[in-house]
$ cat protein.txt   # compact mmCIF, C-alpha atoms
# COMPACT_ATOMS: atom_id res chain seq x y z
CA MET X 217 -36.42 -25.26 -20.35
CA GLY X 218 -34.18 -25.66 -17.35
CA ASP X 219 -33.87 -23.61 -14.19
CA ASP X 220 -33.66 -19.86 -14.01
CA SER X 221 -29.88 -19.65 -14.06
CA SER X 222 -29.59 -21.48 -17.38
CA LYS X 223 -32.45 -19.43 -18.83
CA ARG X 224 -30.63 -16.27 -17.93
CA PHE X 225 -27.72 -17.30 -20.10
CA SER X 226 -29.45 -18.65 -23.14
CA SER X 227 -32.80 -19.68 -24.45
CA ASN X 228 -31.43 -22.84 -25.99
CA ASN X 229 -29.44 -24.22 -23.08
CA HIS X 230 -26.20 -23.58 -24.90
CA ALA X 231 -23.19 -22.26 -23.10
CA GLY X 232 -23.83 -18.55 -22.42
CA ALA X 233 -20.61 -17.51 -24.14
CA VAL X 234 -21.64 -19.29 -27.34
CA ALA X 235 -25.14 -17.83 -27.27
CA GLU X 236 -23.64 -14.39 -26.73
CA LEU X 237 -21.23 -14.84 -29.65
CA VAL X 238 -24.07 -16.04 -31.90
CA GLU X 239 -26.07 -12.98 -30.92
CA ASN X 240 -23.19 -10.58 -31.59
CA LEU X 241 -22.37 -12.20 -34.93
CA GLY X 242 -26.06 -12.03 -35.84
CA ARG X 243 -25.92 -8.23 -35.51
CA LEU X 244 -23.57 -8.02 -38.51
CA PRO X 245 -25.25 -7.03 -41.78
CA GLY X 246 -26.31 -9.98 -43.90
CA ILE X 247 -25.61 -12.53 -41.15
CA GLY X 248 -28.78 -14.33 -40.08
CA ARG X 249 -29.28 -16.65 -37.13
CA LYS X 250 -28.10 -19.80 -38.95
CA SER X 251 -25.02 -18.12 -40.41
CA ALA X 252 -24.18 -16.68 -37.00
CA GLU X 253 -24.34 -20.17 -35.49
CA ARG X 254 -22.15 -21.54 -38.28
CA LEU X 255 -19.58 -18.76 -37.79
CA ALA X 256 -19.60 -19.25 -34.00
CA PHE X 257 -18.93 -22.99 -34.34
CA HIS X 258 -16.23 -22.20 -36.88
CA LEU X 259 -14.56 -19.87 -34.37
CA LEU X 260 -14.75 -22.62 -31.75
CA ARG X 261 -13.15 -25.12 -34.11
CA VAL X 262 -10.25 -23.17 -35.60
CA SER X 263 -6.94 -22.66 -33.84
CA GLU X 264 -7.08 -20.34 -30.85
CA SER X 265 -4.64 -17.95 -32.56
CA GLU X 266 -6.86 -17.60 -35.63
CA ALA X 267 -9.95 -16.85 -33.53
CA LEU X 268 -8.10 -14.38 -31.33
CA ALA X 269 -6.53 -12.68 -34.38
CA LEU X 270 -10.04 -11.73 -35.49
CA ALA X 271 -10.97 -10.46 -32.02
CA ASP X 272 -7.75 -8.45 -31.85
CA SER X 273 -8.16 -6.93 -35.29
CA ILE X 274 -11.68 -5.73 -34.41
CA ARG X 275 -10.28 -4.18 -31.24
CA ARG X 276 -7.33 -2.65 -33.08
CA VAL X 277 -9.44 -1.16 -35.85
CA ARG X 278 -11.57 0.63 -33.27
CA LYS X 279 -8.58 1.80 -31.26
CA ASP X 280 -6.19 2.88 -34.01
CA VAL X 281 -8.23 3.88 -37.02
CA ARG X 282 -9.30 7.51 -37.40
CA TYR X 283 -10.01 9.83 -40.32
CA CYS X 284 -7.14 11.44 -42.21
CA SER X 285 -7.00 15.11 -41.20
CA ALA X 286 -6.64 16.15 -44.85
CA CYS X 287 -8.88 13.87 -46.92
CA PHE X 288 -10.99 11.93 -44.36
CA ASN X 289 -9.82 8.58 -45.66
CA LEU X 290 -9.24 5.97 -42.94
CA ALA X 291 -5.82 6.40 -41.37
CA GLU X 292 -3.77 5.19 -38.45
CA THR X 293 -1.70 8.37 -38.26
CA ASP X 294 -2.67 12.03 -38.69
CA LEU X 295 -2.39 11.74 -42.49
CA CYS X 296 -3.51 8.63 -44.38
CA ALA X 297 -1.14 6.50 -46.46
CA ILE X 298 -2.19 8.29 -49.66
CA CYS X 299 -1.86 11.87 -48.38
CA SER X 300 1.56 11.08 -46.92
CA ASP X 301 2.80 9.34 -50.07
CA PRO X 302 5.24 11.69 -51.88
CA SER X 303 4.77 9.88 -55.22
CA ARG X 304 1.10 10.87 -55.60
CA ASP X 305 0.04 13.56 -58.09
CA THR X 306 -1.00 16.47 -55.85
CA THR X 307 -2.63 18.49 -58.66
CA ARG X 308 -5.71 16.26 -58.88
CA ILE X 309 -8.30 15.51 -56.24
CA CYS X 310 -10.96 12.84 -56.55
CA VAL X 311 -14.12 13.28 -54.46
CA VAL X 312 -15.78 10.07 -53.21
CA GLU X 313 -18.63 9.33 -50.83
CA GLN X 314 -17.01 6.72 -48.59
CA PRO X 315 -13.60 5.22 -47.80
CA ARG X 316 -14.75 1.99 -49.47
CA ASP X 317 -15.29 3.88 -52.75
CA LEU X 318 -11.72 5.12 -52.47
CA MET X 319 -10.66 1.50 -51.93
CA SER X 320 -12.37 0.46 -55.19
CA LEU X 321 -10.70 3.28 -57.12
CA GLU X 322 -7.30 2.39 -55.66
CA GLN X 323 -7.73 -1.25 -56.61
CA SER X 324 -8.05 -0.20 -60.25
CA SER X 325 -4.57 1.41 -60.05
CA ALA X 326 -5.82 3.88 -62.67
CA TYR X 327 -5.56 6.98 -60.52
CA LYS X 328 -2.47 8.44 -58.86
CA GLY X 329 -3.84 11.70 -57.46
CA LEU X 330 -5.26 12.61 -54.05
CA TYR X 331 -8.77 12.03 -52.68
CA HIS X 332 -11.41 13.73 -50.63
CA VAL X 333 -13.90 11.54 -48.77
CA LEU X 334 -17.28 13.20 -48.13
CA LEU X 335 -18.29 10.58 -45.54
CA GLY X 336 -21.74 10.40 -47.07
CA ARG X 337 -23.92 12.06 -49.67
CA ILE X 338 -26.56 14.77 -49.54
CA ALA X 339 -29.77 12.87 -48.85
CA PRO X 340 -32.66 15.13 -47.82
CA LEU X 341 -34.96 12.12 -47.31
CA ASP X 342 -32.54 10.74 -44.72
CA GLY X 343 -32.07 14.21 -43.21
CA ILE X 344 -28.45 14.46 -44.39
CA GLY X 345 -27.56 17.96 -45.55
CA PRO X 346 -24.28 19.41 -46.86
CA ASP X 347 -23.25 20.45 -43.32
CA GLN X 348 -23.01 16.83 -42.18
CA LEU X 349 -20.46 16.02 -44.89
CA THR X 350 -16.85 17.16 -45.24
CA ILE X 351 -17.71 19.68 -47.98
CA ASP X 352 -16.37 22.70 -46.03
CA ALA X 353 -13.00 21.00 -45.70
CA LEU X 354 -13.01 20.26 -49.44
CA VAL X 355 -13.70 23.93 -50.28
CA ASP X 356 -10.86 24.94 -47.94
CA ARG X 357 -8.49 22.55 -49.72
CA ILE X 358 -9.42 23.89 -53.15
CA ARG X 359 -9.22 27.49 -51.93
CA ALA X 360 -5.69 26.82 -50.60
CA GLY X 361 -4.77 26.15 -54.23
CA GLY X 362 -2.47 23.74 -56.03
CA PHE X 363 -5.21 21.61 -57.62
CA ASN X 364 -5.92 21.71 -61.36
CA GLU X 365 -8.72 19.18 -61.49
CA VAL X 366 -11.51 17.93 -59.24
CA ILE X 367 -12.86 14.54 -60.33
CA MET X 368 -16.33 13.85 -58.93
CA ALA X 369 -16.64 10.14 -58.20
CA THR X 370 -19.84 10.01 -56.17
CA ASN X 371 -22.11 7.04 -56.85
CA PRO X 372 -24.15 7.20 -60.08
CA THR X 373 -27.43 7.54 -58.14
CA VAL X 374 -29.90 10.40 -57.79
CA GLU X 375 -28.37 11.38 -54.46
CA GLY X 376 -24.78 10.91 -55.63
CA ASP X 377 -25.41 13.00 -58.74
CA GLY X 378 -27.14 15.66 -56.64
CA THR X 379 -24.20 15.83 -54.25
CA SER X 380 -21.85 16.10 -57.19
CA LEU X 381 -23.88 18.95 -58.72
CA TYR X 382 -24.04 20.80 -55.40
CA ILE X 383 -20.27 20.59 -54.99
CA SER X 384 -19.44 21.65 -58.54
CA ASN X 385 -21.66 24.75 -58.10
CA LEU X 386 -19.82 25.51 -54.88
CA LEU X 387 -16.43 25.13 -56.54
CA SER X 388 -17.30 27.10 -59.69
CA GLU X 389 -15.72 30.24 -58.21
CA PHE X 390 -12.27 28.59 -58.25
CA SER X 391 -10.17 28.14 -61.37
CA VAL X 392 -10.19 24.37 -61.25
CA GLN X 393 -11.43 21.95 -63.88
CA MET X 394 -14.44 19.89 -62.76
CA THR X 395 -14.86 16.41 -64.24
CA ARG X 396 -16.85 13.31 -63.38
CA LEU X 397 -16.34 9.60 -63.96
CA ALA X 398 -17.36 8.44 -67.44
CA ARG X 399 -20.77 6.76 -67.74
CA GLY X 400 -21.60 4.17 -70.30
CA ILE X 401 -21.79 0.43 -70.78
CA THR X 402 -19.63 -1.61 -68.43
CA ALA X 403 -16.67 -3.62 -69.65
CA GLY X 404 -17.61 -7.27 -70.06
CA SER X 405 -21.36 -6.64 -70.08
CA VAL X 406 -23.81 -7.46 -72.87
CA LEU X 407 -25.88 -4.74 -74.54
CA GLU X 408 -28.95 -6.95 -74.38
CA TYR X 409 -29.10 -6.55 -70.60
CA ALA X 410 -28.10 -2.88 -70.40
CA ASN X 411 -30.95 -0.69 -69.16
CA ARG X 412 -32.21 2.53 -70.74
CA GLU X 413 -30.08 4.83 -68.56
CA MET X 414 -26.90 2.92 -69.39
CA ILE X 415 -27.60 3.03 -73.14
CA ALA X 416 -28.49 6.73 -72.98
CA ASP X 417 -25.27 7.50 -71.06
CA ALA X 418 -23.24 5.45 -73.53
CA LEU X 419 -24.74 7.27 -76.53
CA THR X 420 -24.45 10.74 -75.02
CA GLY X 421 -20.84 10.20 -74.02
CA ARG X 422 -19.79 8.30 -77.17
CA GLN X 423 -16.08 8.42 -77.88
CA LYS X 424 -14.04 8.68 -81.10
CA LEU X 425 -12.58 5.40 -82.30
CA MET M 27 1.20 2.44 -55.20
CA GLY M 28 2.90 4.19 -52.33
CA ASP M 29 6.24 3.66 -50.69
CA ASP M 30 7.42 0.44 -49.15
CA SER M 31 6.04 1.09 -45.70
CA SER M 32 2.50 1.52 -46.96
CA LYS M 33 2.85 -1.52 -49.19
CA ARG M 34 3.89 -3.60 -46.23
CA PHE M 35 0.60 -2.85 -44.54
CA SER M 36 -1.81 -3.18 -47.38
CA SER M 37 -1.95 -3.53 -51.10
CA ASN M 38 -4.72 -0.96 -51.41
CA ASN M 39 -3.25 1.89 -49.37
CA HIS M 40 -5.87 1.42 -46.71
CA ALA M 41 -5.04 1.69 -43.06
CA GLY M 42 -3.17 -1.47 -42.05
CA ALA M 43 -5.62 -2.23 -39.25
CA VAL M 44 -8.55 -2.19 -41.69
CA ALA M 45 -6.72 -4.39 -44.20
CA GLU M 46 -5.89 -6.81 -41.39
CA LEU M 47 -9.51 -6.91 -40.22
CA VAL M 48 -10.73 -7.49 -43.79
CA GLU M 49 -8.26 -10.35 -44.12
CA ASN M 50 -9.30 -11.95 -40.83
CA LEU M 51 -13.01 -11.60 -41.63
CA GLY M 52 -12.35 -13.11 -45.06
CA ARG M 53 -11.09 -16.28 -43.36
CA LEU M 54 -14.58 -17.00 -42.02
CA PRO M 55 -16.55 -19.60 -43.98
CA GLY M 56 -18.81 -18.10 -46.64
CA ILE M 57 -17.34 -14.61 -46.28
CA GLY M 58 -15.65 -13.45 -49.48
CA ARG M 59 -13.50 -10.39 -50.05
CA LYS M 60 -16.41 -8.00 -50.70
CA SER M 61 -18.43 -9.23 -47.73
CA ALA M 62 -15.36 -8.95 -45.51
CA GLU M 63 -14.92 -5.32 -46.60
CA ARG M 64 -18.59 -4.62 -45.95
CA LEU M 65 -18.38 -6.18 -42.48
CA ALA M 66 -15.18 -4.28 -41.67
CA PHE M 67 -16.77 -0.95 -42.61
CA HIS M 68 -19.83 -1.90 -40.59
CA LEU M 69 -17.63 -2.54 -37.55
CA LEU M 70 -15.99 0.87 -38.08
CA ARG M 71 -19.38 2.57 -38.27
CA VAL M 72 -21.27 1.05 -35.34
CA SER M 73 -20.84 2.19 -31.75
CA GLU M 74 -17.54 1.27 -30.19
CA SER M 75 -19.33 -0.84 -27.56
CA GLU M 76 -21.09 -2.94 -30.22
CA ALA M 77 -17.83 -3.61 -32.07
CA LEU M 78 -15.93 -4.45 -28.91
CA ALA M 79 -18.78 -6.70 -27.69
CA LEU M 80 -18.14 -8.90 -30.72
CA ALA M 81 -14.38 -8.93 -30.12
CA ASP M 82 -14.91 -9.78 -26.46
CA SER M 83 -17.38 -12.56 -27.14
CA ILE M 84 -14.93 -14.23 -29.54
CA ARG M 85 -12.26 -13.99 -26.87
CA ARG M 86 -14.61 -15.24 -24.15
CA VAL M 87 -15.84 -18.20 -26.16
CA ARG M 88 -12.26 -19.37 -26.66
CA LYS M 89 -11.32 -18.81 -23.03
CA ASP M 90 -14.39 -20.13 -21.22
CA VAL M 91 -16.03 -22.74 -23.41
CA ARG M 92 -15.03 -26.38 -23.00
CA TYR M 93 -16.77 -29.71 -23.47
CA CYS M 94 -19.14 -31.01 -20.79
CA SER M 95 -17.36 -33.84 -18.96
CA ALA M 96 -20.48 -36.03 -19.20
CA CYS M 97 -22.04 -35.45 -22.63
CA PHE M 98 -19.44 -33.35 -24.57
CA ASN M 99 -21.90 -30.56 -25.21
CA LEU M 100 -20.36 -27.09 -25.04
CA ALA M 101 -20.17 -25.89 -21.45
CA GLU M 102 -18.67 -23.15 -19.35
CA THR M 103 -18.50 -25.29 -16.20
CA ASP M 104 -17.58 -28.95 -15.72
CA LEU M 105 -21.13 -30.04 -16.59
CA CYS M 106 -23.18 -28.34 -19.31
CA ALA M 107 -26.46 -26.54 -18.64
CA ILE M 108 -28.45 -29.61 -19.70
CA CYS M 109 -26.54 -32.21 -17.64
CA SER M 110 -26.76 -29.97 -14.57
CA ASP M 111 -30.47 -29.28 -15.04
CA PRO M 112 -32.42 -31.34 -12.44
CA SER M 113 -35.66 -31.14 -14.45
CA ARG M 114 -34.35 -33.21 -17.38
CA ASP M 115 -35.44 -36.81 -17.90
CA THR M 116 -32.32 -38.84 -17.04
CA THR M 117 -33.68 -42.13 -18.43
CA ARG M 118 -33.26 -41.12 -22.08
CA ILE M 119 -30.11 -40.21 -23.95
CA CYS M 120 -30.03 -38.72 -27.43
CA VAL M 121 -26.86 -39.23 -29.48
CA VAL M 122 -25.92 -36.40 -31.88
CA GLU M 123 -22.89 -35.66 -34.02
CA GLN M 124 -22.19 -32.07 -33.05
CA PRO M 125 -23.18 -29.47 -30.44
CA ARG M 126 -25.04 -27.58 -33.19
CA ASP M 127 -27.27 -30.63 -33.78
CA LEU M 128 -28.08 -30.60 -30.07
CA MET M 129 -28.93 -26.91 -30.44
CA SER M 130 -31.43 -27.70 -33.22
CA LEU M 131 -33.08 -30.43 -31.16
CA GLU M 132 -33.30 -28.13 -28.14
CA GLN M 133 -34.90 -25.40 -30.22
CA SER M 134 -37.74 -27.79 -31.06
CA SER M 135 -38.50 -28.15 -27.30
CA ALA M 136 -39.73 -31.66 -28.12
CA TYR M 137 -37.12 -33.52 -26.06
CA LYS M 138 -36.47 -33.31 -22.34
CA GLY M 139 -33.86 -36.04 -21.87
CA LEU M 140 -30.06 -35.96 -21.85
CA TYR M 141 -27.64 -35.93 -24.79
CA HIS M 142 -24.38 -37.43 -25.89
CA VAL M 143 -22.33 -35.49 -28.45
CA LEU M 144 -20.03 -37.69 -30.58
CA LEU M 145 -18.02 -34.68 -31.82
CA GLY M 146 -18.09 -36.09 -35.35
CA ARG M 147 -19.15 -39.14 -37.30
CA ILE M 148 -17.33 -42.26 -38.48
CA ALA M 149 -15.95 -41.22 -41.87
CA PRO M 150 -13.35 -43.63 -43.26
CA LEU M 151 -12.79 -41.45 -46.32
CA ASP M 152 -11.75 -38.56 -44.05
CA GLY M 153 -9.73 -40.93 -41.86
CA ILE M 154 -12.10 -40.56 -38.90
CA GLY M 155 -12.58 -43.83 -37.02
CA PRO M 156 -14.64 -44.67 -33.92
CA ASP M 157 -11.63 -43.95 -31.67
CA GLN M 158 -11.64 -40.27 -32.59
CA LEU M 159 -15.22 -39.86 -31.38
CA THR M 160 -16.63 -39.97 -27.86
CA ILE M 161 -18.09 -43.46 -28.35
CA ASP M 162 -16.12 -45.00 -25.46
CA ALA M 163 -17.54 -42.43 -23.08
CA LEU M 164 -21.06 -43.19 -24.40
CA VAL M 165 -20.60 -46.93 -23.77
CA ASP M 166 -19.37 -46.13 -20.24
CA ARG M 167 -22.45 -44.02 -19.58
CA ILE M 168 -24.80 -46.77 -20.78
CA ARG M 169 -22.88 -49.43 -18.85
CA ALA M 170 -23.24 -47.33 -15.68
CA GLY M 171 -26.99 -47.84 -16.10
CA GLY M 172 -30.08 -45.74 -15.53
CA PHE M 173 -30.98 -45.23 -19.18
CA ASN M 174 -34.01 -46.92 -20.77
CA GLU M 175 -33.69 -45.53 -24.27
CA VAL M 176 -30.93 -44.39 -26.60
CA ILE M 177 -32.23 -42.18 -29.43
CA MET M 178 -29.84 -42.05 -32.38
CA ALA M 179 -30.01 -38.58 -33.92
CA THR M 180 -27.01 -38.62 -36.25
CA ASN M 181 -27.49 -36.90 -39.60
CA PRO M 182 -29.52 -38.84 -42.21
CA THR M 183 -26.46 -39.34 -44.42
CA VAL M 184 -24.47 -42.44 -45.36
CA GLU M 185 -21.85 -41.62 -42.73
CA GLY M 186 -24.38 -40.61 -40.09
CA ASP M 187 -26.38 -43.82 -40.65
CA GLY M 188 -23.16 -45.86 -40.54
CA THR M 189 -22.14 -44.28 -37.25
CA SER M 190 -25.59 -44.94 -35.87
CA LEU M 191 -25.45 -48.60 -36.91
CA TYR M 192 -21.97 -49.04 -35.43
CA ILE M 193 -23.12 -47.62 -32.10
CA SER M 194 -26.32 -49.66 -31.91
CA ASN M 195 -24.27 -52.83 -32.51
CA LEU M 196 -21.94 -51.81 -29.69
CA LEU M 197 -24.81 -51.12 -27.34
CA SER M 198 -26.78 -54.27 -28.17
CA GLU M 199 -25.28 -56.04 -25.14
CA PHE M 200 -27.04 -53.63 -22.79
CA SER M 201 -30.75 -53.80 -21.96
CA VAL M 202 -31.58 -50.45 -23.43
CA GLN M 203 -34.06 -49.66 -26.17
CA MET M 204 -32.43 -48.28 -29.34
CA THR M 205 -34.46 -45.86 -31.49
CA ARG M 206 -33.72 -43.39 -34.22
CA LEU M 207 -35.38 -40.19 -35.40
CA ALA M 208 -38.37 -40.78 -37.70
CA ARG M 209 -37.73 -40.38 -41.42
CA GLY M 210 -40.35 -39.29 -43.87
CA ILE M 211 -41.66 -36.25 -45.63
CA THR M 212 -40.92 -32.95 -43.94
CA ALA M 213 -43.63 -30.78 -42.46
CA GLY M 214 -44.54 -27.97 -44.84
CA SER M 215 -43.00 -29.63 -47.89
CA VAL M 216 -44.78 -30.67 -51.10
CA LEU M 217 -44.78 -34.29 -52.27
CA GLU M 218 -44.03 -33.17 -55.81
CA TYR M 219 -40.51 -32.16 -54.80
CA ALA M 220 -39.79 -35.01 -52.40
CA ASN M 221 -37.03 -37.29 -53.68
CA ARG M 222 -37.15 -41.09 -53.91
CA GLU M 223 -35.43 -41.68 -50.56
CA MET M 224 -37.86 -39.39 -48.75
CA ILE M 225 -40.89 -41.10 -50.31
CA ALA M 226 -39.48 -44.56 -49.56
CA ASP M 227 -38.80 -43.57 -45.94
CA ALA M 228 -42.28 -42.11 -45.62
CA LEU M 229 -43.92 -45.26 -46.98
CA THR M 230 -41.80 -47.69 -44.95
CA GLY M 231 -42.42 -45.80 -41.74
CA ARG M 232 -46.09 -45.00 -42.39
CA GLN M 233 -48.11 -44.33 -39.28
CA LYS M 234 -51.70 -45.19 -38.23
CA LEU M 235 -54.15 -42.32 -38.56
$ encode --input "protein.txt" --output "C-alpha cells"
Amino acid sequence: MGDDSSKRFSSNNHAGAVAELVENLGRLPGIGRKSAERLAFHLLRVSESEALALADSIRRVRKDVRYCSACFNLAETDLCAICSDPSRDTTRICVVEQPRDLMSLEQSSAYKGLYHVLLGRIAPLDGIGPDQLTIDALVDRIRAGGFNEVIMATNPTVEGDGTSLYISNLLSEFSVQMTRLARGITAGSVLEYANREMIADALTGRQKL
Amino acid sequence: MGDDSSKRFSSNNHAGAVAELVENLGRLPGIGRKSAERLAFHLLRVSESEALALADSIRRVRKDVRYCSACFNLAETDLCAICSDPSRDTTRICVVEQPRDLMSLEQSSAYKGLYHVLLGRIAPLDGIGPDQLTIDALVDRIRAGGFNEVIMATNPTVEGDGTSLYISNLLSEFSVQMTRLARGITAGSVLEYANREMIADALTGRQKL
C-alpha cells in the first residue's frame, strides 16, 4: 500500500505521528488497538493545552518522582509527604507491598501512622526473594526504635501472607506488637456470594457485639 | 491528612506529580479513576525511554499533524500519504466522516482510490450543519473533474445516511456515478441475532450467486 516512504511510517497510510502515538498508547496495560486509536483521536481533538498537559505530566513524573528515603513511598523530595508530616503518629508503621496499596489505605482516612513500602512481595515462582524488597530497611527502622506496633497490610494472597509471615518472624526479636489487617466479610457484600475462605476468616475472627 | 502544602498537591498524600498524572489520565475517554492510577503506576514502572516515548508522541502529534489540504485526512505534510501516493486510483473518491473511518477502510486493503474526509456529519440536533463540514471542498474537487465514482462511506446511522443523501443531491449535477457501501448481514455473524434493519438491507440488496 503506497510507496516505501509511506510504508516506513505506517502500515495503514496514516500520518506517522498518529501511528506512533497509537502504538505507544497500545503499550499501556489494558489498552488494545481500538482503544489506542480512540485515545489518539481524542488527543487530536481536545485543546492543545489538555493534550500537552498529559505529555508534560508523564515527563514530570519520570523526572521528579523518586522513592522516599525512609519508607519507599513515592516522593518528590527526599522524604515523602507522609514521612515529613509532623501530625502523623510516629509510633505505628504499616507495611504494604506497593505505593498504590498505601494510596488505598490513605483514601480510607482510617490510619494516621507511618508506612513502609516493600516494593513487592516475596514470590519464589517469579524469582523475587527477600533481598529484592526493602525488608532490610524496615528492620533498620524497627531496630532504631520508637515504634510500638507494626501493622502488616500485604495483600491477602498466598504470596502476601507468606511475605507477612517472613517479616513477622524477622521482627520477633524486637519488642514491637505485630498485627495484620482484619479479614472477614466485606462491607456491603452479601453472604450468599462470599467464598469459603471469606466465611472461614469471618468466623475465626468473629468480634463481640 | 497532612499540612496545607501537601493538601495543595494531592488529597491522598501522594507525590503531586503522580496525582497530576492520574488526573490527566483520568480525563481520557473510558479511563476511570482506578484505571488512571493503574496506568500512572505502569508509567512509573516501565523504562524511562518507554514512558517518555509516549509523552513525546503526544507532543509530536499535536505539533506535526494537520489536515491534508486536498482530502482532510490527517497528514504531516501539505498532502497526506494517500493523496501523495502515485499508485492510488485517482478516478474514485470515497467520502468518510472521520479520519478513523478512513483508517478502517485502509486496513481492509479493499480500496485503492482517494478519500474525502468530511470531519463530521450533518447533525441538526448537535447544531452541525453542512457549512461546518468539508462539503464545499468536496464539491470543488468533483467540479474540477477526473473522478468517475463517488463512494459514500458515511456511518450507517440516521445522521450518516442523511449526510450521504444531502451530498448525493449536491453532486447530482456532475456526471459522476454515486454509490454507497453495501448493507447486509456481516461476515461471521449469525442470522439469529441479526436485527430487522440488517435483514431488510440484506434482502433488498440481495446478490446473484
$ residues_around --input "protein.txt" --residues "M:Val184" --least-positions-apart "3" --cutoff "12 Å" --atoms "only C-alpha atoms" --output "list of chain:residue names"
M:Arg147, M:Ile148, M:Ala149, M:Pro150, M:Leu151, M:Thr180, M:Asn181, M:Asp187, M:Gly188, M:Thr189, M:Ser190, M:Leu191
$ interface_residues --input "protein.txt" --of "chain X" --to "chain M" --cutoff "8 Å" --atoms "all atoms listed in the file" --output "count of residues only"
54
$ residues_around --input "protein.txt" --residues "stretch 156-166 of chain M" --least-positions-apart "2" --cutoff "9 Å" --atoms "only C-alpha atoms" --output "PDB file with C-alpha atoms, in the frame of the given file"
ATOM      1  CA  ALA M  96     -20.480 -36.030 -19.200  1.00  0.00           C
ATOM      2  CA  CYS M  97     -22.040 -35.450 -22.630  1.00  0.00           C
ATOM      3  CA  PHE M  98     -19.440 -33.350 -24.570  1.00  0.00           C
ATOM      4  CA  VAL M 121     -26.860 -39.230 -29.480  1.00  0.00           C
ATOM      5  CA  HIS M 142     -24.380 -37.430 -25.890  1.00  0.00           C
ATOM      6  CA  VAL M 143     -22.330 -35.490 -28.450  1.00  0.00           C
ATOM      7  CA  LEU M 144     -20.030 -37.690 -30.580  1.00  0.00           C
ATOM      8  CA  LEU M 145     -18.020 -34.680 -31.820  1.00  0.00           C
ATOM      9  CA  GLY M 146     -18.090 -36.090 -35.350  1.00  0.00           C
ATOM     10  CA  ARG M 147     -19.150 -39.140 -37.300  1.00  0.00           C
ATOM     11  CA  ILE M 148     -17.330 -42.260 -38.480  1.00  0.00           C
ATOM     12  CA  ALA M 149     -15.950 -41.220 -41.870  1.00  0.00           C
ATOM     13  CA  ILE M 154     -12.100 -40.560 -38.900  1.00  0.00           C
ATOM     14  CA  ILE M 168     -24.800 -46.770 -20.780  1.00  0.00           C
ATOM     15  CA  ARG M 169     -22.880 -49.430 -18.850  1.00  0.00           C
ATOM     16  CA  ALA M 170     -23.240 -47.330 -15.680  1.00  0.00           C
ATOM     17  CA  GLY M 171     -26.990 -47.840 -16.100  1.00  0.00           C
ATOM     18  CA  THR M 189     -22.140 -44.280 -37.250  1.00  0.00           C
ATOM     19  CA  TYR M 192     -21.970 -49.040 -35.430  1.00  0.00           C
ATOM     20  CA  ILE M 193     -23.120 -47.620 -32.100  1.00  0.00           C
ATOM     21  CA  LEU M 196     -21.940 -51.810 -29.690  1.00  0.00           C
ATOM     22  CA  LEU M 197     -24.810 -51.120 -27.340  1.00  0.00           C
TER      23      LEU M 197
END
$ atom_distance --input "protein.txt" --atom1 "atom CA of X:Arg396" --atom2 "atom CA of X:Gly362"
19.2 Å
$ residues_around --input "protein.txt" --residues "X:Asn364" --least-positions-apart "2" --cutoff "12 Å" --atoms "all atoms listed in the file" --output "list in words"
Asp305, Thr306, Thr307, Arg308, Ile309, Cys310, Gly329, Leu330, Arg357, Ile358, Arg359, Ala360, Gly361, Gly362, Val366, Ile367, Phe390, Ser391, Val392, Gln393, Met394 and Thr395 of chain X
$ write_last_selection --input "protein.txt" --atoms "C-alpha atoms" --output "PDB file, in the coordinates of the input"
ATOM      1  CA  ASP X 305       0.040  13.560 -58.090  1.00  0.00           C
ATOM      2  CA  THR X 306      -1.000  16.470 -55.850  1.00  0.00           C
ATOM      3  CA  THR X 307      -2.630  18.490 -58.660  1.00  0.00           C
ATOM      4  CA  ARG X 308      -5.710  16.260 -58.880  1.00  0.00           C
ATOM      5  CA  ILE X 309      -8.300  15.510 -56.240  1.00  0.00           C
ATOM      6  CA  CYS X 310     -10.960  12.840 -56.550  1.00  0.00           C
ATOM      7  CA  GLY X 329      -3.840  11.700 -57.460  1.00  0.00           C
ATOM      8  CA  LEU X 330      -5.260  12.610 -54.050  1.00  0.00           C
ATOM      9  CA  ARG X 357      -8.490  22.550 -49.720  1.00  0.00           C
ATOM     10  CA  ILE X 358      -9.420  23.890 -53.150  1.00  0.00           C
ATOM     11  CA  ARG X 359      -9.220  27.490 -51.930  1.00  0.00           C
ATOM     12  CA  ALA X 360      -5.690  26.820 -50.600  1.00  0.00           C
ATOM     13  CA  GLY X 361      -4.770  26.150 -54.230  1.00  0.00           C
ATOM     14  CA  GLY X 362      -2.470  23.740 -56.030  1.00  0.00           C
ATOM     15  CA  VAL X 366     -11.510  17.930 -59.240  1.00  0.00           C
ATOM     16  CA  ILE X 367     -12.860  14.540 -60.330  1.00  0.00           C
ATOM     17  CA  PHE X 390     -12.270  28.590 -58.250  1.00  0.00           C
ATOM     18  CA  SER X 391     -10.170  28.140 -61.370  1.00  0.00           C
ATOM     19  CA  VAL X 392     -10.190  24.370 -61.250  1.00  0.00           C
ATOM     20  CA  GLN X 393     -11.430  21.950 -63.880  1.00  0.00           C
ATOM     21  CA  MET X 394     -14.440  19.890 -62.760  1.00  0.00           C
ATOM     22  CA  THR X 395     -14.860  16.410 -64.240  1.00  0.00           C
TER      23      THR X 395
END
$ atom_distance --input "protein.txt" --atom1 "atom CA of X:Ala418" --atom2 "atom CA of X:Ser405"
12.7 Å
$ atom_distance --input "protein.txt" --atom1 "atom CA of M:Tyr219" --atom2 "atom CA of M:Gly186"
23.4 Å
